[in-house]
file input-v5.cif (mmCIF, C-alpha atoms)
data_protein
loop_
_atom_site.label_atom_id
_atom_site.label_comp_id
_atom_site.auth_asym_id
_atom_site.auth_seq_id
_atom_site.Cartn_x
_atom_site.Cartn_y
_atom_site.Cartn_z
CA MET A 1 123.96 96.95 124.85
CA ILE A 2 120.63 95.77 123.51
CA ASP A 3 119.13 97.93 120.78
CA ILE A 4 115.33 97.91 121.01
CA ASP A 5 113.06 99.20 118.28
CA GLU A 6 109.95 100.39 120.15
CA ASP A 7 107.56 99.91 117.22
CA ASN A 8 108.80 96.38 116.70
CA LEU A 9 108.49 95.64 120.39
CA LYS A 10 104.93 96.99 120.49
CA SER A 11 103.90 95.02 117.45
CA GLY A 12 105.55 91.87 118.84
CA VAL A 13 103.92 92.12 122.28
CA LEU A 14 100.49 93.11 120.94
CA GLY A 15 100.74 90.36 118.30
CA LEU A 16 101.44 87.84 121.05
CA VAL A 17 98.54 89.12 123.18
CA MET A 18 96.10 88.98 120.26
CA ALA A 19 97.29 85.49 119.32
CA VAL A 20 96.52 84.36 122.89
CA VAL A 21 93.09 86.06 122.69
CA GLU A 22 92.42 84.21 119.43
CA ILE A 23 93.43 80.88 120.94
CA VAL A 24 91.12 81.48 123.94
CA ARG A 25 88.35 82.44 121.47
CA ASP A 26 88.93 79.18 119.56
CA ALA A 27 88.67 77.21 122.81
CA LEU A 28 85.42 79.01 123.75
CA ARG A 29 84.06 78.35 120.29
CA ASN A 30 84.83 74.61 120.52
CA GLN A 31 83.30 74.41 123.97
CA ALA A 32 80.16 76.22 122.78
CA ALA A 33 79.84 73.86 119.79
CA ARG A 34 80.17 70.82 122.05
CA ARG A 35 77.46 72.12 124.38
CA MET A 36 75.18 72.91 121.46
CA GLU A 37 75.63 69.41 120.05
CA SER A 38 75.06 67.77 123.43
CA GLY A 39 71.60 69.38 123.55
CA THR A 40 72.07 71.02 126.96
CA LEU A 41 71.46 74.56 125.66
CA THR A 42 68.13 76.15 124.79
CA ASP A 43 67.70 77.88 121.40
CA GLU A 44 67.82 81.22 123.19
CA GLU A 45 71.11 80.35 124.93
CA ILE A 46 72.63 79.17 121.64
CA GLU A 47 71.56 82.44 120.01
CA ARG A 48 73.12 84.51 122.83
CA LEU A 49 76.35 82.50 122.78
CA GLY A 50 76.57 82.72 118.99
CA ARG A 51 76.07 86.51 119.02
CA ALA A 52 78.71 86.95 121.73
CA LEU A 53 81.24 84.89 119.77
CA ALA A 54 80.41 86.66 116.50
CA ASP A 55 80.90 90.04 118.23
CA LEU A 56 84.21 88.81 119.68
CA ASP A 57 85.34 87.81 116.16
CA LEU A 58 84.50 91.28 114.87
CA ALA A 59 86.28 93.00 117.78
CA ILE A 60 89.42 90.88 117.26
CA GLU A 61 89.49 91.61 113.53
CA ASP A 62 88.95 95.37 114.16
CA ILE A 63 91.82 95.57 116.65
CA LYS A 64 94.14 93.62 114.36
CA ARG A 65 93.30 95.85 111.41
CA GLU A 66 93.56 99.13 113.34
CA GLN A 67 96.90 98.20 114.93
CA GLY A 68 98.31 96.55 111.80
CA LEU A 69 98.78 93.27 113.65
CA GLN A 70 97.51 90.73 111.10
CA GLU A 71 100.99 89.55 110.14
CA ALA A 72 102.35 89.59 113.72
CA VAL A 73 99.44 87.46 114.98
CA GLN A 74 99.71 85.06 112.05
CA SER A 75 103.43 84.69 112.63
CA VAL A 76 102.92 83.81 116.34
CA ARG A 77 100.25 81.27 115.42
CA ASP A 78 102.38 79.78 112.63
CA GLY A 79 105.27 79.52 115.08
CA LEU A 80 103.07 77.65 117.56
CA ASP A 81 101.78 75.40 114.76
CA ASP A 82 105.36 74.56 113.78
CA LEU A 83 106.23 73.80 117.40
CA VAL A 84 103.30 71.40 117.72
CA ASP A 85 104.07 69.94 114.29
CA ASP A 86 107.68 69.25 115.35
CA ALA A 87 106.54 67.61 118.57
CA VAL A 88 104.02 65.42 116.72
CA GLN A 89 106.62 64.51 114.07
CA ARG A 90 109.02 63.39 116.81
CA ILE A 91 106.36 61.23 118.39
CA ILE A 92 105.04 59.58 115.22
CA ASN A 93 108.27 59.43 113.25
CA PRO A 94 111.22 58.77 115.59
CA GLY A 95 113.19 57.32 112.64
CA ALA A 96 113.69 60.88 111.36
CA TRP A 97 115.70 61.92 114.44
CA PRO A 98 119.14 60.82 113.26
CA ASP A 99 118.74 63.00 110.14
CA GLU A 100 119.16 66.12 112.22
CA SER A 101 122.43 65.05 113.79
CA VAL A 102 124.02 63.18 110.90
CA GLY A 103 122.98 65.01 107.72
CA LEU A 104 125.36 64.87 104.82
CA GLU A 105 128.50 62.85 104.92
CA ASN A 106 130.63 65.96 104.94
CA ARG A 107 129.31 67.48 108.17
CA GLU A 108 131.51 65.31 110.33
CA GLU A 109 134.49 66.44 108.28
CA ALA A 110 133.48 70.06 108.47
CA GLY A 111 133.20 69.71 112.23
CA ALA A 112 136.52 67.95 112.48
CA ARG A 113 138.42 70.70 110.77
CA SER A 114 137.68 73.35 113.42
CA MET B 115 137.99 71.05 81.03
CA THR B 116 141.67 70.32 80.45
CA THR B 117 143.96 67.65 81.80
CA THR B 118 147.05 68.40 83.80
CA SER B 119 149.96 66.24 84.79
CA ARG B 120 150.49 68.10 88.03
CA GLU B 121 150.73 65.58 90.81
CA ASN B 122 149.48 68.03 93.37
CA ALA B 123 147.77 71.26 92.33
CA CYS B 124 147.60 72.30 95.94
CA SER B 125 151.19 73.49 96.31
CA THR B 126 150.44 77.21 96.69
CA GLY B 127 151.38 77.64 100.30
CA GLU B 128 147.76 77.49 101.46
CA ASP B 129 147.06 74.60 103.75
CA ALA B 130 143.46 73.50 103.21
CA ILE B 131 141.19 72.21 100.47
CA TYR B 132 137.61 73.26 99.81
CA VAL B 133 135.62 70.25 98.53
CA TYR B 134 132.65 70.64 96.16
CA CYS B 135 131.85 67.03 95.37
CA VAL B 136 133.15 63.50 94.92
CA ALA B 137 133.04 61.64 91.59
CA ARG B 138 134.53 58.56 89.95
CA GLY B 139 137.77 59.43 88.16
CA ARG B 140 141.47 58.59 88.08
CA THR B 141 142.94 61.68 86.43
CA HIS B 142 144.11 65.11 87.53
CA TRP B 143 141.82 67.62 85.82
CA LEU B 144 141.63 71.39 85.79
CA LEU B 145 138.02 72.51 85.56
CA GLY B 146 139.00 76.21 85.30
CA PRO B 147 138.74 79.33 87.50
CA ILE B 148 135.07 78.68 88.33
CA GLY B 149 135.29 78.23 92.10
CA LEU B 150 134.43 80.55 94.99
CA ASP B 151 135.98 83.99 94.31
CA GLY B 152 137.22 82.66 90.93
CA HIS B 153 139.53 80.04 92.46
CA MET B 154 140.99 77.43 90.14
CA VAL B 155 139.02 74.21 90.50
CA TYR B 156 140.79 70.89 90.04
CA THR B 157 140.48 67.25 90.97
CA VAL B 158 142.35 65.25 93.60
CA PRO B 159 142.15 61.59 92.47
CA HIS B 160 142.70 58.55 94.64
CA ASP B 161 142.08 54.92 93.78
CA GLY B 162 139.28 55.42 91.24
CA LEU B 163 137.57 58.28 93.09
CA CYS B 164 138.28 61.99 92.91
CA CYS B 165 137.34 65.12 94.83
CA VAL B 166 136.54 68.33 92.95
CA VAL B 167 138.26 71.06 94.96
CA HIS B 168 140.09 74.36 95.20
CA THR B 169 142.96 75.34 97.49
CA CYS B 170 142.09 77.71 100.33
CA PRO B 171 143.16 78.90 103.77
CA ALA B 172 142.13 76.66 106.68
CA LYS B 173 139.10 78.66 107.77
CA PRO B 174 135.42 78.62 106.82
CA TYR B 175 133.97 81.04 104.28
CA GLN B 176 132.03 83.63 106.30
CA SER B 177 130.74 87.08 105.47
CA ASP B 178 128.19 89.58 106.82
CA ASP B 179 127.45 90.70 103.27
CA PRO B 180 124.53 88.64 101.89
CA GLN B 181 125.59 89.37 98.31
CA VAL B 182 129.03 87.88 98.92
CA VAL B 183 127.49 84.79 100.52
CA GLU B 184 125.05 84.47 97.62
CA SER B 185 127.88 84.67 95.07
CA TRP B 186 129.73 81.89 96.96
CA VAL B 187 126.68 79.63 97.08
CA VAL B 188 126.00 80.22 93.36
CA ALA B 189 129.64 79.41 92.55
CA HIS B 190 129.43 76.27 94.70
CA GLN B 191 126.35 75.13 92.75
CA ARG B 192 127.95 76.02 89.42
CA VAL B 193 131.01 73.88 90.12
CA ILE B 194 128.82 70.92 91.14
CA HIS B 195 126.75 71.28 87.95
CA THR B 196 129.92 71.46 85.85
CA ALA B 197 131.27 68.35 87.58
CA LEU B 198 127.94 66.58 87.10
CA ASP B 199 128.09 67.29 83.35
CA ALA B 200 131.70 66.12 83.21
CA PHE B 201 131.49 62.96 85.35
CA GLY B 202 127.86 61.87 84.96
CA ALA B 203 127.42 61.30 88.69
CA VAL B 204 128.63 63.24 91.74
CA LEU B 205 128.15 63.20 95.51
CA PRO B 206 127.62 66.90 96.22
CA MET B 207 129.01 68.34 99.45
CA ALA B 208 127.36 71.06 101.48
CA PHE B 209 128.77 74.58 101.40
CA ASN B 210 131.98 75.06 103.43
CA MET B 211 133.29 71.51 103.48
CA ILE B 212 136.99 72.15 104.05
CA VAL B 213 139.76 69.64 104.72
CA ARG B 214 142.84 71.05 106.37
CA GLY B 215 146.37 69.79 106.71
CA GLY B 216 147.68 68.79 110.09
CA PRO B 217 150.62 67.36 111.96
CA ASN B 218 150.27 64.08 110.03
CA GLY B 219 150.50 65.53 106.55
CA ASP B 220 149.20 68.03 104.04
CA ALA B 221 145.54 68.61 103.21
CA ALA B 222 145.66 66.58 99.97
CA ARG B 223 146.97 63.59 101.89
CA ASN B 224 144.18 63.94 104.49
CA LEU B 225 141.64 64.21 101.67
CA LYS B 226 142.95 61.04 100.01
CA GLY B 227 142.82 59.29 103.37
CA TRP B 228 139.18 60.32 103.72
CA LEU B 229 138.41 59.03 100.18
CA ALA B 230 140.12 55.72 100.99
CA GLU B 231 138.15 55.40 104.22
CA LYS B 232 134.79 56.10 102.52
CA ARG B 233 135.49 54.26 99.28
CA GLY B 234 133.27 51.29 100.11
CA ARG B 235 130.31 53.63 100.64
CA PHE B 236 130.97 56.13 97.86
CA ILE B 237 131.45 53.69 94.96
CA PRO B 238 127.99 52.04 95.20
CA LEU B 239 126.35 55.42 95.86
CA LEU B 240 127.95 56.89 92.72
CA ASP B 241 127.19 53.82 90.59
CA ASN B 242 123.54 54.12 91.60
CA LEU B 243 123.50 57.77 90.46
CA VAL B 244 125.00 57.37 86.97
CA GLY B 245 122.70 58.89 84.34
CA LYS B 246 120.24 60.05 86.99
CA ALA B 247 119.33 63.41 88.48
CA GLU B 248 117.18 64.80 91.23
CA TYR B 249 113.89 66.52 90.40
CA GLY B 250 111.73 68.51 92.79
CA VAL B 251 107.98 67.90 92.66
CA GLN B 252 105.64 69.99 94.78
CA VAL B 253 101.87 69.55 94.64
CA PHE B 254 99.56 72.33 95.89
CA TRP B 255 95.84 72.78 96.22
CA ASP B 256 93.64 75.82 96.45
CA ARG B 257 91.97 75.01 99.79
CA GLN B 258 89.31 77.73 99.58
CA SER B 259 88.03 76.88 96.13
CA ILE B 260 88.08 73.14 96.85
CA ALA B 261 86.17 73.73 100.12
CA GLY B 262 83.56 75.72 98.16
CA ALA B 263 83.21 72.94 95.60
CA LEU B 264 82.91 70.32 98.37
CA VAL B 265 80.02 72.19 100.02
CA GLU B 266 78.26 72.37 96.65
CA ASP B 267 78.89 68.69 95.87
CA GLN B 268 78.09 67.01 99.18
CA PRO B 269 74.34 67.15 100.02
CA GLU B 270 74.92 67.04 103.79
CA LEU B 271 77.30 70.03 103.73
CA ARG B 272 74.99 71.91 101.34
CA ARG B 273 72.04 71.31 103.66
CA MET B 274 74.07 72.62 106.66
CA ARG B 275 75.00 75.76 104.74
CA ASP B 276 71.42 76.47 103.60
CA ASN B 277 70.15 75.79 107.11
CA ALA B 278 72.62 78.30 108.62
CA LEU B 279 71.68 81.00 106.11
CA ALA B 280 68.02 80.88 107.20
CA LYS B 281 68.73 81.37 110.95
CA PRO B 282 69.14 84.48 113.15
CA LYS B 283 72.67 85.88 113.63
CA GLY B 284 73.76 83.99 116.75
CA LEU B 285 72.47 80.60 115.71
CA ALA B 286 73.72 81.13 112.15
CA TYR B 287 77.21 81.78 113.58
CA MET B 288 77.15 78.54 115.57
CA LEU B 289 75.88 76.54 112.59
CA GLN B 290 78.55 78.07 110.35
CA GLN B 291 81.20 76.93 112.82
CA LYS B 292 79.73 73.45 112.67
CA LEU B 293 79.76 73.60 108.86
CA ALA B 294 83.40 74.79 108.90
CA LYS B 295 84.35 71.82 111.10
CA ALA B 296 82.51 69.32 108.87
CA THR B 297 84.05 70.87 105.74
CA GLY B 298 87.51 70.72 107.36
CA ALA B 299 87.07 66.99 108.05
CA ALA B 300 85.90 66.37 104.46
CA LEU B 301 88.88 68.35 103.15
CA GLU B 302 91.23 66.29 105.30
CA ASP B 303 89.80 63.02 103.89
CA LEU B 304 90.14 64.34 100.36
CA ALA B 305 93.71 65.52 101.01
CA LYS B 306 94.62 62.04 102.30
CA GLN B 307 93.17 60.44 99.15
CA TYR B 308 95.01 62.89 96.90
CA VAL B 309 98.33 62.54 98.73
CA GLN B 310 98.24 58.73 98.70
CA GLY B 311 97.14 58.56 95.05
CA PHE B 312 99.57 61.17 93.76
CA TYR B 313 102.47 59.74 95.77
CA GLU B 314 101.88 56.21 94.43
CA ARG B 315 101.70 57.41 90.83
CA ILE B 316 104.83 59.54 91.14
CA ARG B 317 106.76 56.79 92.97
CA GLN B 318 106.03 54.31 90.18
CA SER B 319 107.39 56.67 87.52
CA VAL B 320 110.81 57.36 89.11
CA ASP B 321 113.69 55.35 90.63
CA GLN B 322 113.55 56.71 94.17
CA VAL B 323 111.49 59.24 96.11
CA HIS B 324 112.44 61.25 99.17
CA VAL B 325 109.56 62.87 101.07
CA ASP B 326 110.44 66.38 102.26
CA ARG B 327 108.68 68.51 104.85
CA LEU B 328 105.74 70.57 103.69
CA LYS B 329 106.27 74.31 103.49
CA LYS B 330 103.91 77.19 104.12
CA CYS B 331 102.57 78.94 101.03
CA ASP B 332 100.83 82.17 100.19
CA ARG B 333 97.29 82.43 101.46
CA GLY B 334 94.84 80.13 99.77
CA GLN B 335 97.47 77.74 98.46
CA GLN B 336 98.45 74.76 100.58
CA MET B 337 101.24 72.30 99.88
CA LEU B 338 100.10 68.67 99.79
CA LEU B 339 103.30 66.95 98.71
CA ASN B 340 106.95 67.97 98.66
CA LEU B 341 109.05 65.29 96.97
CA SER B 342 112.58 64.90 95.71
CA CYS B 343 112.66 62.30 92.95
CA LEU B 344 115.66 60.45 91.55
CA ALA B 345 115.06 59.62 87.90
CA GLY B 346 117.02 58.88 84.73
CA THR B 347 117.91 62.09 82.91
CA GLY B 348 116.42 60.64 79.71
CA SER B 349 113.28 59.27 81.42
CA ARG B 350 109.95 60.54 80.09
CA ALA B 351 107.75 58.72 82.62
CA LEU B 352 107.28 61.49 85.20
CA GLY B 353 106.03 64.24 82.84
CA PRO B 354 102.71 62.61 81.83
CA VAL B 355 102.00 61.64 85.47
CA LEU B 356 102.44 65.24 86.62
CA GLU B 357 100.31 66.54 83.74
CA GLU B 358 97.56 64.14 84.75
CA ILE B 359 97.76 65.27 88.40
CA GLU B 360 97.61 68.92 87.37
CA ARG B 361 94.37 68.28 85.48
CA VAL B 362 92.60 67.57 88.80
CA GLU B 363 90.40 70.56 89.74
CA GLY B 364 92.13 72.96 92.18
CA ILE B 365 95.51 71.16 92.00
CA SER B 366 98.74 72.70 90.76
CA VAL B 367 102.20 71.18 90.38
CA ARG B 368 105.64 72.76 90.53
CA PHE B 369 108.45 70.82 88.87
CA THR B 370 112.12 71.78 89.16
CA GLY B 371 115.41 70.24 88.10
CA PRO B 372 117.53 68.52 87.12
CA TRP B 373 119.51 69.05 90.35
CA PRO B 374 122.56 67.28 91.72
CA PRO B 375 121.19 64.43 93.87
CA TYR B 376 121.46 66.13 97.27
CA SER B 377 118.54 64.18 98.77
CA PHE B 378 119.92 60.78 97.85
CA VAL B 379 123.45 60.87 99.25
CA ARG B 380 122.72 61.03 102.97
CA ALA B 381 125.09 59.27 105.32
CA ALA B 382 122.30 57.78 107.45
#
call {"tool": "encode", "arguments": {"input": "input-v5.cif", "output": "structure tokens"}}
result
Amino acid sequence: MIDIDEDNLKSGVLGLVMAVVEIVRDALRNQAARRMESGTLTDEEIERLGRALADLDLAIEDIKREQGLQEAVQSVRDGLDDLVDDAVQRIINPGAWPDESVGLENREEAGARS
Amino acid sequence: MTTTSRENACSTGEDAIYVYCVARGRTHWLLGPIGLDGHMVYTVPHDGLCCVVHTCPAKPYQSDDPQVVESWVVAHQRVIHTALDAFGAVLPMAFNMIVRGGPNGDAARNLKGWLAEKRGRFIPLLDNLVGKAEYGVQVFWDRQSIAGALVEDQPELRRMRDNALAKPKGLAYMLQQKLAKATGAALEDLAKQYVQGFYERIRQSVDQVHVDRLKKCDRGQQMLLNLSCLAGTGSRALGPVLEEIERVEGISVRFTGPWPPYSFVRAA
């Protein structure tokens, strides 16, 4: 039987949702910056875009604070960062792979005993 | 530590041997009841090498009680430190390295067979470690305060900040994002310079360096370097280098050790 703590579940799911919202916000922000730098937006459009993104930032922070999700969101984002970091490490540093399987001399012995 | 003439201290009816470390030595020694759960720790010598061990049942040490596990790990470390003091150099084993007996003989015989098989590798490793110990060096920086100082110092960043402050809300937001990106790039360049410079200086003051993965820190602090250094226990070269690094604005250094040389005895 699986024992589920409802509060934990809520915080986990909401944390995941807010982390996704933040990532989408980051993508929008980057896209907006690129358009601004390319000179295709008028001053008025930049102002409108900037206000919308600033309001989105405030809304995200309010929801996180009200629901006590700061740590849950950070933990999802850290987890994703670690995942990407691992993938990049494997690509740029393939020499480190054997470390994971070999480790200390004694591991093979420890494995052999069981 | 006392000597014993017992040929085989493992004759207690239990059929496995828990191994703490390997050292150079030809004698049977009793190190005392300092092992896991107060077990008597002794050496099993073979052809110039010896294992520091205690006798145990042929199953791994496992417990759901974190305090029990902690006491075992502390005892494991304590035995390795004691052996390090006694022998001058040890190859530490990870927790739960157990050699069992089998159809071909008792556990001590299997252990001696293992020592004989690895002798060619272990002797040079141990000789390289005599009079040396591992030290942990971690270098951190306070990203926020360094970013603030960078904006003040670099005219281009300062101009971007002042420009953003004078604009209406939406435009100011967009310009602040641009400033954050430019500051991030400047911070990355500075971090690269620091890491390369610090690493070179540290590497030159010790015998060997092992680069470990960076770890996450409390907010504000960021780890730049995580090194395990092998250095002579009497060496005074590393201290002044670390003091000099710590004098750099926004940089802090954590130094730990001496430790048994875990990072320098890998099989690979």
call {"tool": "resolve_selection", "arguments": {"input": "input-v5.cif", "expression": "the PyMOL selection byres ((chain B) within 8 of (chain A))", "output": "PyMOL selection string"}}
result
chain B and resi 173+207-208+210-214+282-288+291-292+379-382
call {"tool": "atom_distance", "arguments": {"input": "input-v5.cif", "atom1": "CA of Pro354 in chain B", "atom2": "CA of Leu239 in chain B"}}
result
28.4 Å
call {"tool": "residues_near_point", "arguments": {"input": "input-v5.cif", "point": "(89.7, 82.3, 116.5)", "cutoff": "12 Å", "atoms": "all atoms listed in the file", "output": "ChimeraX atom specification"}}
result
/A:18-30,53-61,73-74,77 /B:291
call {"tool": "atom_distance", "arguments": {"input": "input-v5.cif", "atom1": "CA of Asp179 in chain B", "atom2": "CA of Thr196 in chain B"}}
result
26.1 Å
call {"tool": "closest_atom_pairs", "arguments": {"input": "input-v5.cif", "of": "range 21-91 of chain A", "to": "range 324-347 of chain B", "cutoff": "12 Å", "atoms": "all atoms listed in the file", "output": "Markdown table"}}
result
| residue | atom | partner | partner_atom | distance |
| --- | --- | --- | --- | --- |
| A:Glu71 | CA | B:Arg333 | CA | 11.8 |
| A:Gln74 | CA | B:Arg333 | CA | 11.2 |
| A:Ser75 | CA | B:Lys330 | CA | 11.4 |
| A:Asp78 | CA | B:Lys330 | CA | 9.0 |
| A:Gly79 | CA | B:Lys330 | CA | 11.3 |
| A:Asp81 | CA | B:Lys330 | CA | 11.0 |
| A:Asp82 | CA | B:Lys330 | CA | 10.1 |
| A:Asp85 | CA | B:Arg327 | CA | 10.6 |
| A:Asp86 | CA | B:Arg327 | CA | 10.6 |
| A:Gln89 | CA | B:Arg327 | CA | 10.3 |
call {"tool": "atom_distance", "arguments": {"input": "input-v5.cif", "atom1": "CA of Phe369 in chain B", "atom2": "CA of Gly250 in chain B"}}
result
5.6 Å
call {"tool": "closest_residue", "arguments": {"input": "input-v5.cif", "among": "B:Ser177, B:Pro159, B:Val244, B:Pro171", "to": "Ala200 in chain B", "atoms": "only C-alpha atoms"}}
result
B:Val244
call {"tool": "resolve_selection", "arguments": {"input": "input-v5.cif", "expression": "the PyMOL selection byres ((chain B and resi 168) around 12)", "output": "VMD selection string"}}
result
chain B and resid 122 to 126 128 to 135 143 to 158 165 to 167 169 to 172 189 to 190 193 210 to 214 221 to 222
call {"tool": "closest_residue", "arguments": {"input": "input-v5.cif", "among": "A:Gln31, A:Asn93, A:Ser11, A:Thr42", "to": "Lys64 in chain A", "atoms": "only C-alpha atoms"}}
result
A:Ser11
call {"tool": "decode", "arguments": {"input": "input-v5.cif", "residues": "range 1-87 of chain A", "atoms": "C-alpha atoms", "output": "compact mmCIF listing (two decimals), in the first residue's frame"}}
result
# COMPACT_ATOMS: atom_id res chain seq x y z
CA MET A 1 0.00 0.00 0.00
CA ILE A 2 1.28 3.45 -0.86
CA ASP A 3 1.06 5.99 1.94
CA ILE A 4 0.42 9.47 0.52
CA ASP A 5 0.78 12.65 2.53
CA GLU A 6 -1.72 15.05 0.90
CA ASP A 7 0.12 18.22 1.93
CA ASN A 8 3.36 16.88 0.53
CA LEU A 9 1.65 15.84 -2.67
CA LYS A 10 0.05 19.28 -3.08
CA SER A 11 3.30 21.07 -2.46
CA GLY A 12 5.14 18.73 -4.85
CA VAL A 13 2.62 19.12 -7.70
CA LEU A 14 2.21 22.88 -7.25
CA GLY A 15 5.99 23.26 -6.97
CA LEU A 16 6.38 21.41 -10.26
CA VAL A 17 3.68 23.53 -11.95
CA MET A 18 5.25 26.79 -10.74
CA ALA A 19 8.71 25.63 -11.83
CA VAL A 20 7.30 25.03 -15.33
CA VAL A 21 5.64 28.48 -15.27
CA GLU A 22 8.98 30.03 -14.29
CA ILE A 23 10.79 28.22 -17.09
CA VAL A 24 8.18 29.43 -19.63
CA ARG A 25 8.56 32.96 -18.17
CA ASP A 26 12.35 32.73 -18.63
CA ALA A 27 11.87 31.67 -22.25
CA LEU A 28 9.45 34.57 -22.88
CA ARG A 29 11.90 36.95 -21.26
CA ASN A 30 14.78 35.77 -23.47
CA GLN A 31 12.62 36.01 -26.57
CA ALA A 32 11.51 39.53 -25.63
CA ALA A 33 15.14 40.60 -25.04
CA ARG A 34 16.17 39.22 -28.43
CA ARG A 35 13.36 41.10 -30.18
CA MET A 36 14.23 44.29 -28.35
CA GLU A 37 17.88 43.99 -29.36
CA SER A 38 17.02 43.21 -32.97
CA GLY A 39 15.22 46.57 -33.20
CA THR A 40 11.92 45.15 -34.47
CA LEU A 41 9.88 46.52 -31.56
CA THR A 42 8.71 50.10 -31.04
CA ASP A 43 9.37 51.82 -27.69
CA GLU A 44 5.69 51.45 -26.88
CA GLU A 45 5.75 47.70 -27.58
CA ILE A 46 8.88 47.26 -25.45
CA GLU A 47 7.18 49.15 -22.62
CA ARG A 48 4.06 46.95 -22.85
CA LEU A 49 6.10 43.74 -23.00
CA GLY A 50 8.26 44.84 -20.08
CA ARG A 51 5.22 45.69 -17.93
CA ALA A 52 3.58 42.35 -18.73
CA LEU A 53 6.72 40.43 -17.77
CA ALA A 54 7.23 42.50 -14.61
CA ASP A 55 3.60 41.81 -13.61
CA LEU A 56 4.13 38.09 -14.32
CA ASP A 57 7.20 38.12 -12.05
CA LEU A 58 5.17 39.70 -9.25
CA ALA A 59 2.30 37.22 -9.70
CA ILE A 60 4.69 34.25 -9.61
CA GLU A 61 6.40 35.53 -6.46
CA ASP A 62 3.02 36.20 -4.77
CA ILE A 63 1.73 32.70 -5.50
CA LYS A 64 4.96 31.10 -4.29
CA ARG A 65 4.90 33.11 -1.08
CA GLU A 66 1.20 32.55 -0.35
CA GLN A 67 1.41 28.79 -0.98
CA GLY A 68 4.80 28.36 0.71
CA LEU A 69 6.30 26.96 -2.49
CA GLN A 70 9.66 28.75 -2.64
CA GLU A 71 11.64 25.71 -1.54
CA ALA A 72 9.61 23.22 -3.64
CA VAL A 73 10.10 25.30 -6.80
CA GLN A 74 13.80 25.79 -6.10
CA SER A 75 14.24 22.08 -5.52
CA VAL A 76 12.60 21.21 -8.89
CA ARG A 77 14.78 23.76 -10.67
CA ASP A 78 17.93 22.56 -8.89
CA GLY A 79 17.04 18.99 -9.86
CA LEU A 80 16.68 20.02 -13.52
CA ASP A 81 19.97 21.95 -13.31
CA ASP A 82 21.71 18.84 -11.96
CA LEU A 83 20.22 16.73 -14.74
CA VAL A 84 21.49 19.11 -17.41
CA ASP A 85 24.83 19.41 -15.60
CA ASP A 86 25.21 15.59 -15.60
CA ALA A 87 24.37 15.40 -19.30
